[in-house]
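Visitor: I am sharing protein_39.csv, which consists of CSV, C-alpha atoms and all ligand atoms:
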```
chain,number,residue,atom,x,y,z
A,1,MET,CA,34.5,129.3,132.6
A,2,ARG,CA,32.6,126.7,134.6
A,3,LEU,CA,33.7,123.5,133.2
A,4,PHE,CA,32.0,121.1,135.5
A,5,GLY,CA,28.3,121.4,136.2
A,6,GLY,CA,26.8,122.2,132.9
A,7,ARG,CA,25.7,124.8,130.5
A,8,SER,CA,26.5,128.5,130.8
A,9,LYS,CA,26.3,131.5,128.5
A,10,GLU,CA,30.1,131.7,128.5
A,11,ALA,CA,30.4,128.1,127.5
A,12,ASP,CA,27.8,128.4,124.7
A,13,GLN,CA,29.7,131.4,123.4
A,14,ALA,CA,33.0,129.6,123.4
A,15,THR,CA,31.5,126.6,121.6
A,16,ASP,CA,29.9,128.9,119.1
A,17,GLU,CA,33.2,130.6,118.3
A,18,ALA,CA,35.0,127.2,118.0
A,19,LEU,CA,32.3,126.1,115.6
A,20,SER,CA,32.7,129.1,113.4
A,21,ARG,CA,34.8,127.3,110.7
A,22,THR,CA,32.3,124.5,110.6
A,23,LYS,CA,29.5,127.0,110.3
A,24,ARG,CA,31.1,129.2,107.7
A,25,SER,CA,32.3,126.5,105.4
A,26,ILE,CA,29.5,124.0,105.5
A,27,PHE,CA,26.6,124.6,107.8
A,28,GLY,CA,26.6,128.2,106.7
A,29,ARG,CA,25.3,126.9,103.4
A,30,VAL,CA,22.4,125.2,105.3
A,31,ALA,CA,21.4,128.4,107.0
A,32,GLY,CA,21.3,129.9,103.5
A,33,LEU,CA,19.2,127.1,102.2
A,34,PHE,CA,16.6,127.7,104.9
A,35,GLY,CA,16.3,131.2,103.5
A,36,GLY,CA,13.5,130.1,101.1
A,37,THR,CA,10.1,129.1,102.3
A,38,ASP,CA,9.5,126.0,100.3
A,39,VAL,CA,10.8,122.5,101.0
A,40,THR,CA,12.2,121.4,97.7
A,41,GLU,CA,14.0,118.2,96.6
A,42,GLU,CA,17.0,120.4,96.1
A,43,LEU,CA,16.9,121.4,99.8
A,44,TRP,CA,16.9,117.7,100.9
A,45,ASP,CA,19.8,116.9,98.6
A,46,SER,CA,21.8,119.9,99.8
A,47,LEU,CA,21.2,118.9,103.4
A,48,GLU,CA,22.4,115.4,102.8
A,49,GLU,CA,25.5,116.7,101.1
A,50,VAL,CA,26.2,119.2,103.9
A,51,LEU,CA,25.8,116.7,106.7
A,52,ILE,CA,28.0,114.1,105.1
A,53,GLY,CA,30.5,116.8,104.2
A,54,ALA,CA,30.7,117.8,107.9
A,55,ASP,CA,31.5,114.2,108.8
A,56,ALA,CA,28.2,113.4,110.5
A,57,GLY,CA,28.6,110.0,108.8
A,58,VAL,CA,26.5,108.6,105.9
A,59,GLN,CA,24.4,106.3,108.0
A,60,THR,CA,23.6,108.9,110.6
A,61,THR,CA,22.8,111.5,107.9
A,62,LEU,CA,20.4,109.3,106.0
A,63,GLU,CA,18.6,108.2,109.2
A,64,VAL,CA,18.2,111.7,110.5
A,65,LEU,CA,16.9,113.0,107.2
A,66,ASP,CA,14.5,110.1,106.9
A,67,ARG,CA,13.1,110.9,110.3
A,68,VAL,CA,12.6,114.5,109.4
A,69,ARG,CA,11.0,113.6,106.1
A,70,ALA,CA,8.6,111.3,107.8
A,71,ARG,CA,7.4,114.3,109.8
A,72,LYS,CA,6.5,116.1,106.5
A,73,PRO,CA,7.7,119.6,107.1
A,74,ARG,CA,5.8,122.0,104.9
A,75,ARG,CA,8.0,125.1,105.2
A,76,ALA,CA,11.8,125.4,105.3
A,77,ASP,CA,11.7,126.8,108.8
A,78,ASP,CA,9.6,123.9,110.1
A,79,LEU,CA,12.3,121.6,108.5
A,80,ARG,CA,15.0,123.5,110.3
A,81,ALA,CA,13.3,123.1,113.6
A,82,MET,CA,12.6,119.4,113.1
A,83,LEU,CA,16.2,118.8,112.0
A,84,ALA,CA,17.4,120.5,115.1
A,85,GLU,CA,15.2,118.3,117.2
A,86,GLU,CA,16.3,115.1,115.5
A,87,LEU,CA,20.0,116.0,115.7
A,88,THR,CA,19.6,116.9,119.4
A,89,ALA,CA,17.9,113.6,120.0
A,90,ILE,CA,21.0,111.7,118.7
A,91,LEU,CA,23.2,113.6,121.1
A,92,VAL,CA,20.8,113.3,124.1
A,93,ALA,CA,20.5,109.5,123.5
A,94,ALA,CA,24.2,109.1,124.1
A,95,ASP,CA,24.4,111.6,126.9
A,96,ALA,CA,23.6,109.4,129.9
A,97,PRO,CA,26.6,109.4,132.3
A,98,ARG,CA,28.8,106.3,132.3
A,99,GLY,CA,31.4,107.6,134.7
A,100,ARG,CA,31.2,108.9,138.2
A,101,LEU,CA,32.2,112.5,137.7
A,102,TRP,CA,30.7,114.2,134.7
A,103,GLY,CA,27.2,114.8,133.4
A,104,LEU,CA,25.5,113.6,136.7
A,105,PRO,CA,22.4,115.2,138.1
A,106,GLU,CA,23.1,117.9,140.6
A,107,GLY,CA,23.3,116.5,144.1
A,108,THR,CA,24.7,113.1,143.1
A,109,ALA,CA,27.1,111.8,145.7
A,110,GLN,CA,30.7,112.2,144.6
A,111,PRO,CA,33.2,109.3,144.9
A,112,ASP,CA,35.9,109.4,147.6
A,113,ARG,CA,39.0,111.4,146.8
A,114,PRO,CA,41.2,111.2,145.0
A,115,TRP,CA,39.2,111.0,141.8
A,116,ILE,CA,41.0,109.0,139.2
A,117,ILE,CA,40.7,110.0,135.5
A,118,LEU,CA,42.4,107.9,132.8
A,119,ILE,CA,43.1,109.7,129.5
A,120,VAL,CA,43.2,107.6,126.4
A,121,GLY,CA,43.3,108.2,122.6
A,122,VAL,CA,45.2,108.0,119.4
A,123,ASN,CA,48.6,109.7,119.2
A,124,GLY,CA,48.4,113.4,118.6
A,125,SER,CA,44.7,113.7,119.5
A,126,GLY,CA,45.5,116.1,122.3
A,127,LYS,CA,45.7,113.9,125.5
A,128,THR,CA,48.5,115.6,127.2
A,129,THR,CA,47.0,119.0,126.4
A,130,ALA,CA,43.7,117.7,127.8
A,131,ILE,CA,45.5,116.9,131.1
A,132,GLY,CA,46.8,120.5,131.2
A,133,ARG,CA,43.4,121.9,130.6
A,134,LEU,CA,41.5,119.6,133.1
A,135,ALA,CA,44.2,120.4,135.7
A,136,PHE,CA,43.7,124.1,135.1
A,137,ALA,CA,39.9,123.8,135.4
A,138,TYR,CA,40.1,121.6,138.5
A,139,MET,CA,42.5,124.0,140.1
A,140,GLU,CA,40.3,126.9,139.4
A,141,ASP,CA,37.6,124.9,141.1
A,142,GLY,CA,39.9,124.7,144.2
A,143,LYS,CA,41.1,121.1,143.7
A,144,ARG,CA,44.6,119.8,144.3
A,145,VAL,CA,45.7,118.0,141.1
A,146,MET,CA,48.3,115.3,140.5
A,147,ALA,CA,49.2,114.0,137.0
A,148,ALA,CA,50.9,110.7,136.1
A,149,ALA,CA,53.3,110.6,133.1
A,150,GLY,CA,52.0,107.3,131.8
A,151,ASP,CA,53.1,107.8,128.2
A,152,THR,CA,56.6,106.4,128.7
A,153,PHE,CA,56.8,105.3,125.1
A,154,ARG,CA,57.1,108.5,123.1
A,155,ALA,CA,60.3,110.5,123.5
A,156,ALA,CA,59.6,113.8,125.2
A,157,ALA,CA,56.1,112.9,126.4
A,158,ILE,CA,57.2,112.9,130.0
A,159,GLU,CA,58.9,116.4,129.7
A,160,GLN,CA,55.8,117.7,127.9
A,161,LEU,CA,53.6,116.8,130.9
A,162,GLN,CA,56.2,118.1,133.4
A,163,GLU,CA,56.3,121.4,131.5
A,164,TRP,CA,52.5,121.7,131.9
A,165,GLY,CA,52.9,120.9,135.6
A,166,ARG,CA,55.6,123.6,136.1
A,167,ARG,CA,53.7,126.2,134.2
A,168,LEU,CA,50.3,125.7,135.9
A,169,ALA,CA,51.7,124.5,139.2
A,170,PHE,CA,50.3,121.0,139.6
A,171,ASP,CA,52.3,117.9,140.7
A,172,VAL,CA,53.5,115.4,138.2
A,173,VAL,CA,54.7,111.9,139.1
A,174,ALA,CA,57.1,110.4,136.5
A,175,GLN,CA,59.6,107.7,136.0
A,176,GLY,CA,62.1,107.4,133.2
A,177,PRO,CA,61.4,106.7,129.5
A,178,GLY,CA,60.4,103.1,128.9
A,179,ALA,CA,59.2,102.6,132.5
A,180,ASP,CA,56.0,100.6,133.1
A,181,PRO,CA,53.0,102.9,132.9
A,182,ALA,CA,51.1,100.8,135.4
A,183,ALA,CA,53.9,101.4,137.9
A,184,VAL,CA,53.8,105.2,137.2
A,185,ALA,CA,50.0,105.2,137.8
A,186,PHE,CA,50.5,103.1,141.0
A,187,ASP,CA,53.0,105.6,142.3
A,188,ALA,CA,50.9,108.6,141.4
A,189,ILE,CA,47.8,107.3,143.1
A,190,GLY,CA,49.7,106.3,146.2
A,191,ALA,CA,51.3,109.8,146.4
A,192,ALA,CA,48.0,111.5,145.9
A,193,GLN,CA,46.4,109.4,148.7
A,194,ALA,CA,49.3,110.2,151.0
A,195,ARG,CA,49.4,113.9,150.2
A,196,GLY,CA,45.7,114.6,150.0
A,197,HIS,CA,45.3,115.4,146.3
A,198,ASP,CA,41.7,115.6,145.0
A,199,VAL,CA,42.2,114.5,141.4
A,200,VAL,CA,44.7,112.2,139.6
A,201,LEU,CA,45.0,112.6,135.8
A,202,ILE,CA,46.7,109.7,134.1
A,203,ASP,CA,48.4,110.3,130.7
A,204,THR,CA,48.8,107.3,128.4
A,205,ALA,CA,50.6,106.5,125.2
A,206,GLY,CA,48.7,107.0,121.9
A,207,ARG,CA,50.8,104.5,120.1
A,208,LEU,CA,52.9,101.4,120.9
A,209,GLN,CA,54.6,98.8,118.8
A,210,ASN,CA,51.1,97.6,117.9
A,211,LYS,CA,47.5,98.1,118.8
A,212,GLN,CA,47.3,94.9,120.9
A,213,ASN,CA,50.2,96.0,123.0
A,214,LEU,CA,48.6,99.3,123.6
A,215,MET,CA,45.3,97.8,124.6
A,216,ASP,CA,47.1,95.3,126.9
A,217,GLU,CA,49.0,98.2,128.5
A,218,LEU,CA,45.8,100.1,129.2
A,219,THR,CA,44.2,97.0,130.7
A,220,LYS,CA,47.2,96.7,133.0
A,221,VAL,CA,47.0,100.4,134.1
A,222,ARG,CA,43.3,99.9,134.8
A,223,ARG,CA,44.0,96.8,137.0
A,224,VAL,CA,46.5,98.8,139.0
A,225,ILE,CA,43.9,101.5,139.6
A,226,GLU,CA,41.4,98.9,140.7
A,227,ARG,CA,43.9,97.5,143.2
A,228,HIS,CA,44.4,101.0,144.7
A,229,VAL,CA,40.9,102.2,144.6
A,230,GLU,CA,38.5,99.3,144.3
A,231,ARG,CA,36.0,101.1,142.2
A,232,GLY,CA,38.4,101.6,139.3
A,233,PRO,CA,38.9,104.8,137.3
A,234,ASP,CA,36.1,107.3,137.9
A,235,GLU,CA,36.2,108.4,134.3
A,236,VAL,CA,38.0,107.0,131.2
A,237,LEU,CA,38.2,110.0,128.9
A,238,LEU,CA,38.7,109.3,125.2
A,239,VAL,CA,40.3,112.3,123.5
A,240,LEU,CA,39.4,112.6,119.8
A,241,ASP,CA,40.7,115.0,117.3
A,242,ALA,CA,37.7,116.5,115.4
A,243,SER,CA,39.8,117.3,112.3
A,244,THR,CA,40.7,113.7,111.7
A,245,GLY,CA,37.1,113.0,110.6
A,246,GLN,CA,35.8,109.5,109.9
A,247,ASN,CA,39.3,108.1,109.7
A,248,GLY,CA,40.0,109.3,113.3
A,249,LEU,CA,36.8,107.8,114.3
A,250,SER,CA,37.7,104.4,113.1
A,251,GLN,CA,41.1,104.6,114.9
A,252,ALA,CA,39.4,105.6,118.1
A,253,LYS,CA,37.0,102.7,117.8
A,254,ALA,CA,39.7,100.4,119.3
A,255,PHE,CA,39.7,102.5,122.4
A,256,ALA,CA,36.0,102.8,122.6
A,257,ASP,CA,35.7,99.0,122.3
A,258,SER,CA,38.4,97.9,124.7
A,259,ALA,CA,39.3,100.7,127.1
A,260,GLN,CA,35.9,100.9,128.8
A,261,VAL,CA,35.6,104.6,127.9
A,262,THR,CA,33.1,106.6,129.8
A,263,SER,CA,33.4,110.1,128.2
A,264,VAL,CA,34.7,111.9,125.1
A,265,MET,CA,36.6,115.1,124.7
A,266,LEU,CA,36.5,116.4,121.1
A,267,THR,CA,39.6,118.5,120.5
A,268,LYS,CA,40.5,121.0,117.8
A,269,LEU,CA,36.9,121.9,117.0
A,270,ASP,CA,38.3,125.4,116.4
A,271,GLY,CA,40.5,124.2,113.6
A,272,THR,CA,38.0,122.2,111.6
A,273,ALA,CA,35.0,122.5,109.4
A,274,LYS,CA,33.9,119.0,110.4
A,275,GLY,CA,32.1,119.5,113.6
A,276,GLY,CA,29.4,117.1,112.4
A,277,ILE,CA,31.6,114.4,113.8
A,278,VAL,CA,29.9,114.9,117.1
A,279,PHE,CA,26.8,113.1,115.7
A,280,ALA,CA,28.8,110.2,114.4
A,281,ILE,CA,30.5,109.8,117.9
A,282,ALA,CA,27.1,109.8,119.6
A,283,ARG,CA,25.5,107.4,117.2
A,284,GLU,CA,28.4,105.0,116.4
A,285,PHE,CA,30.0,105.0,119.9
A,286,GLY,CA,27.0,105.7,122.0
A,287,LEU,CA,29.4,107.8,124.2
A,288,PRO,CA,28.7,111.2,125.7
A,289,VAL,CA,30.9,114.1,124.5
A,290,ARG,CA,31.6,116.1,127.7
A,291,PHE,CA,34.1,118.7,126.6
A,292,VAL,CA,35.2,120.4,123.4
A,293,GLY,CA,38.6,121.9,122.7
A,294,THR,CA,38.1,125.4,121.5
A,295,GLY,CA,41.7,126.7,120.9
A,296,GLN,CA,45.3,126.4,121.9
A,297,ARG,CA,45.5,127.8,125.4
A,298,GLU,CA,44.8,126.0,128.7
A,299,GLY,CA,41.5,127.8,129.2
A,300,ASP,CA,40.3,126.8,125.8
A,301,LEU,CA,38.0,124.0,126.9
A,302,ALA,CA,34.2,124.2,127.1
A,303,PRO,CA,31.6,121.8,128.5
A,304,PHE,CA,29.6,120.3,125.7
A,305,ASP,CA,25.9,120.8,125.6
A,306,PRO,CA,23.8,119.0,123.0
A,307,ARG,CA,21.1,121.7,122.7
A,308,GLY,CA,23.6,124.6,122.6
A,309,PHE,CA,25.7,122.8,120.0
A,310,VAL,CA,22.8,122.2,117.6
A,311,ALA,CA,21.4,125.7,118.0
A,312,SER,CA,24.8,127.1,117.2
A,313,LEU,CA,25.2,124.8,114.1
A,314,LEU,CA,21.9,125.4,112.5
A,315,GLY,CA,21.7,129.0,113.5
A,316,ASP,CA,19.2,130.1,116.1
A,317,PRO,CA,16.1,131.3,114.2
A,318,ALA,CA,15.0,133.4,117.1
A,319,ALA,CA,18.4,135.2,117.3
A,320,ALA,CA,18.4,135.6,113.5
A,321,GLY,CA,15.0,137.3,113.7
A,322,ALA,CA,13.4,134.6,111.5
A,401,LIG,N1,43.7,124.3,117.9
A,401,LIG,C1,43.7,123.3,118.8
A,401,LIG,N2,44.9,122.6,119.0
A,401,LIG,C2,44.9,121.6,120.0
A,401,LIG,C3,43.7,121.4,120.7
A,401,LIG,N3,44.0,120.4,121.6
A,401,LIG,C4,45.3,120.0,121.3
A,401,LIG,N4,45.8,120.8,120.4
A,401,LIG,C5,47.2,120.6,119.8
A,401,LIG,O1,47.4,119.3,119.3
A,401,LIG,C6,48.8,118.9,119.4
A,401,LIG,C7,48.9,117.6,120.0
A,401,LIG,O2,48.5,117.6,121.4
A,401,LIG,P1,49.0,116.6,122.5
A,401,LIG,O3,48.3,117.0,123.7
A,401,LIG,O4,50.5,116.6,122.5
A,401,LIG,O5,48.5,115.2,121.9
A,401,LIG,P2,48.7,113.8,122.5
A,401,LIG,O6,47.4,113.0,122.3
A,401,LIG,O7,49.2,113.8,123.9
A,401,LIG,O8,49.8,113.2,121.6
A,401,LIG,P3,50.8,111.9,121.8
A,401,LIG,O9,51.4,112.1,123.2
A,401,LIG,O10,51.8,112.0,120.7
A,401,LIG,O11,49.9,110.7,121.8
A,401,LIG,C8,49.4,120.1,120.2
A,401,LIG,O12,50.1,120.9,119.3
A,401,LIG,C9,48.2,120.8,120.8
A,401,LIG,O13,48.5,122.2,121.1
A,401,LIG,C10,42.5,122.2,120.5
A,401,LIG,O14,41.4,122.0,121.1
A,401,LIG,N5,42.6,123.1,119.5
A,402,MG,MG,50.8,113.0,124.9
```
Take the structure in the file and give it back as structure tokens.

Guide:
Amino acid sequence: MRLFGGRSKEADQATDEALSRTKRSIFGRVAGLFGGTDVTEELWDSLEEVLIGADAGVQTTLEVLDRVRARKPRRADDLRAMLAEELTAILVAADAPRGRLWGLPEGTAQPDRPWIILIVGVNGSGKTTAIGRLAFAYMEDGKRVMAAAGDTFRAAAIEQLQEWGRRLAFDVVAQGPGADPAAVAFDAIGAAQARGHDVVLIDTAGRLQNKQNLMDELTKVRRVIERHVERGPDEVLLVLDASTGQNGLSQAKAFADSAQVTSVMLTKLDGTAKGGIVFAIAREFGLPVRFVGTGQREGDLAPFDPRGFVASLLGDPAAAGA
């Protein structure tokens, strides 16, 4: 699937499949609610319950529904269309590119190689897997990929990344457990420059002795990148586990606040009924979601498209013959 460069039928379909649990268990009820023709108080109440239940966030839900209400929909299908527009607007408002690689208009000049991508996020969110997947996609795109084993804190993190490198055949720069992650990043970028790699993916720890240590460490890694390539990392990707809901969101806030995140990857969308978290990310972080994890394999990553996502969630009336 084309991962970089926008929407495709294949990507829409993968997202749609990954959303099936969210749709079945929660939003499926909404589609049912739109079955009637009248806009009743019961319909508004149910919508509120459904959106909050899917982790869209209380504030976001109330705001969206207020906006739709103000537009005075007369029939249930008008309401559905307006809700789709308002939900899409939230995602689009956060969609402006902040990094130098993703979501840019076609024809935008690309940064010099190697491109540097720093991967951050809470432990267990799927960072190392994300590196495997991005490496896979970039290699399919004809790029030479280098990864840096910057999580030197968790036992087995280095081996886990090396295993991905062996399996998919990309290079991994690593030092021993406990090594300075900034030094690992420094080595990896130097090696990539010397050997002509196109992309450097830098793994980081999700947990240290405490949050401040972790944020300091990320700052140090960033400084090293800035010393090597003056422009700094081209993207700082926050990896966020959809199934952790509002709780995961508040944990990720520390990264969004201090790691100068430019893009979000929402993982495990396939394993959750809480896909509404996308709206909370957009509204509360103001960050663009660029990719969604749709399964367990390396190819299970889809580009995120606001319109395709909302159409899939609310059911496409045209497709349903409504
Ligand atoms: N179903 C599903 N599982 C996923 C997805 N992404 C990651 N996982 C699983 O989530 C688990 C944790 O992934 P890791 O990549 O090790 O997470 P991490 O953020 O590197 O974790 P730490 O190194 O402990 O900070 C693994 O079992 C992955 O297979 C996804 O999109 N869907
Ligand atoms: Mg990891």

Visitor: At a cut-off of 10 Å around ligand LIG 401 (chain A), and using all atoms listed in the file, what residues come up? Please write them as a PyMOL selection string.

Guide: chain A and resi 18+119-133+150-158+160-161+203-208+238-243+265-272+291-302

Visitor: For atom CA of A:Lys220 and atom CA of A:Val184, determine how far apart the two atoms are, in Å to one decimal place.

Guide: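 Atom CA of A:Lys220 sits 11.6 Å away from atom CA of A:Val184.
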
Visitor: For A:Leu91, which residue among A:Arg7, A:Ala282, A:Ala191, A:Val310 is the nearest when counting all atoms listed in the file?

Guide: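 Using all atoms listed in the file, the shortest distance to A:Leu91 belongs to A:Ala282.
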
Visitor: Let me make sure I understand: among A:Asp187, A:Glu159, A:Asp180, A:Asp305, which one has the smallest atom-to-atom distance to ligand MG 402 (chain A) if we use only C-alpha atoms and all ligand atoms?

Guide: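 Of A:Asp187, A:Glu159, A:Asp180, A:Asp305, the one nearest ligand MG 402 (chain A) is A:Glu159, counting only C-alpha atoms and all ligand atoms.
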
Visitor: Please determine, counting only C-alpha atoms and all ligand atoms, which residue among A:Ala259, A:Trp164, A:Pro306, A:Val224 has the shortest atom-to-atom distance to ligand MG 402 (chain A).

Guide: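 Among A:Ala259, A:Trp164, A:Pro306, A:Val224, it is A:Trp164 that comes nearest to ligand MG 402 (chain A).
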
Visitor: Within 12 Å of (37.6, 99.7, 125.2) (coordinates as in the file), grab all the protein and nucleic acid residues, counting all atoms listed in the file, and write them out as a ChimeraX atom specification.

Guide: /A:120-121,211-212,214-219,222,236-238,251-263,285,287

Visitor: Which value, in Å to one decimal, gives the distance between atom CA of A:Arg113 and atom CA of A:Leu3?

Guide: 19.0 Å

Visitor: Between A:Arg283, A:Pro233, A:Gly275, A:Glu49, which has the minimum distance to A:Lys23 (counting only C-alpha atoms)?

Guide: A:Gly275

Visitor: What does the structure give for the distance between atom CA of A:Glu235 and atom CA of A:Gly57, in Å to one decimal?

Guide: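 Computing the Euclidean distance for atom CA of A:Glu235 and atom CA of A:Gly57 yields 26.7 Å.
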
Visitor: Choose the residue, out of A:Pro114, A:Ile202, A:Ala280, A:Val173, that has the smallest atom-to-atom separation from A:Val64; count all atoms listed in the file.

Guide: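 Counting all atoms listed in the file, the residue closest to A:Val64 is A:Ala280.
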
Visitor: Which is closer to ligand MG 402 (chain A) than all the others in A:Ala149, A:Val172, A:Leu118, A:Ala84, using all atoms listed in the file?

Guide: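 Closest to ligand MG 402 (chain A), using all atoms listed in the file: A:Ala149.
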
Visitor: Enclose stretch 211-220 of chain A, meaning all of its atoms listed in the file, in a box aligned along x, y and z, pad it by 3 Å on each side, and list the centre and edge lengths in Å to one decimal, as AutoDock Vina command-line options.

Guide:
```
--center_x 47.2 --center_y 97.5 --center_z 125.9 --size_x 12.0 --size_y 11.2 --size_z 20.2
```

Visitor: So that I can check the surroundings of A:Leu79, please list as a PyMOL selection string every protein, DNA and RNA residue that reaches within 10 Å of it, counting all atoms listed in the file and ignoring chain neighbours fewer than 5 positions away.

Guide: chain A and resi 34+37-39+43-44+65+68-69+71-74+84-85

Visitor: Using all atoms listed in the file, which residues sit within 12 Å of A:Gly5 once same-chain residues fewer than 5 positions away are excluded, as a list in words?

Guide: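 In the requested form, the answer reads Ala11, Leu101, Trp102, Gly103, Leu104, Pro105, Glu106, Gly107, Thr108, Ala137, Asp141, Arg290, Phe291, Ala302, Pro303, Phe304 and Asp305 of chain A.
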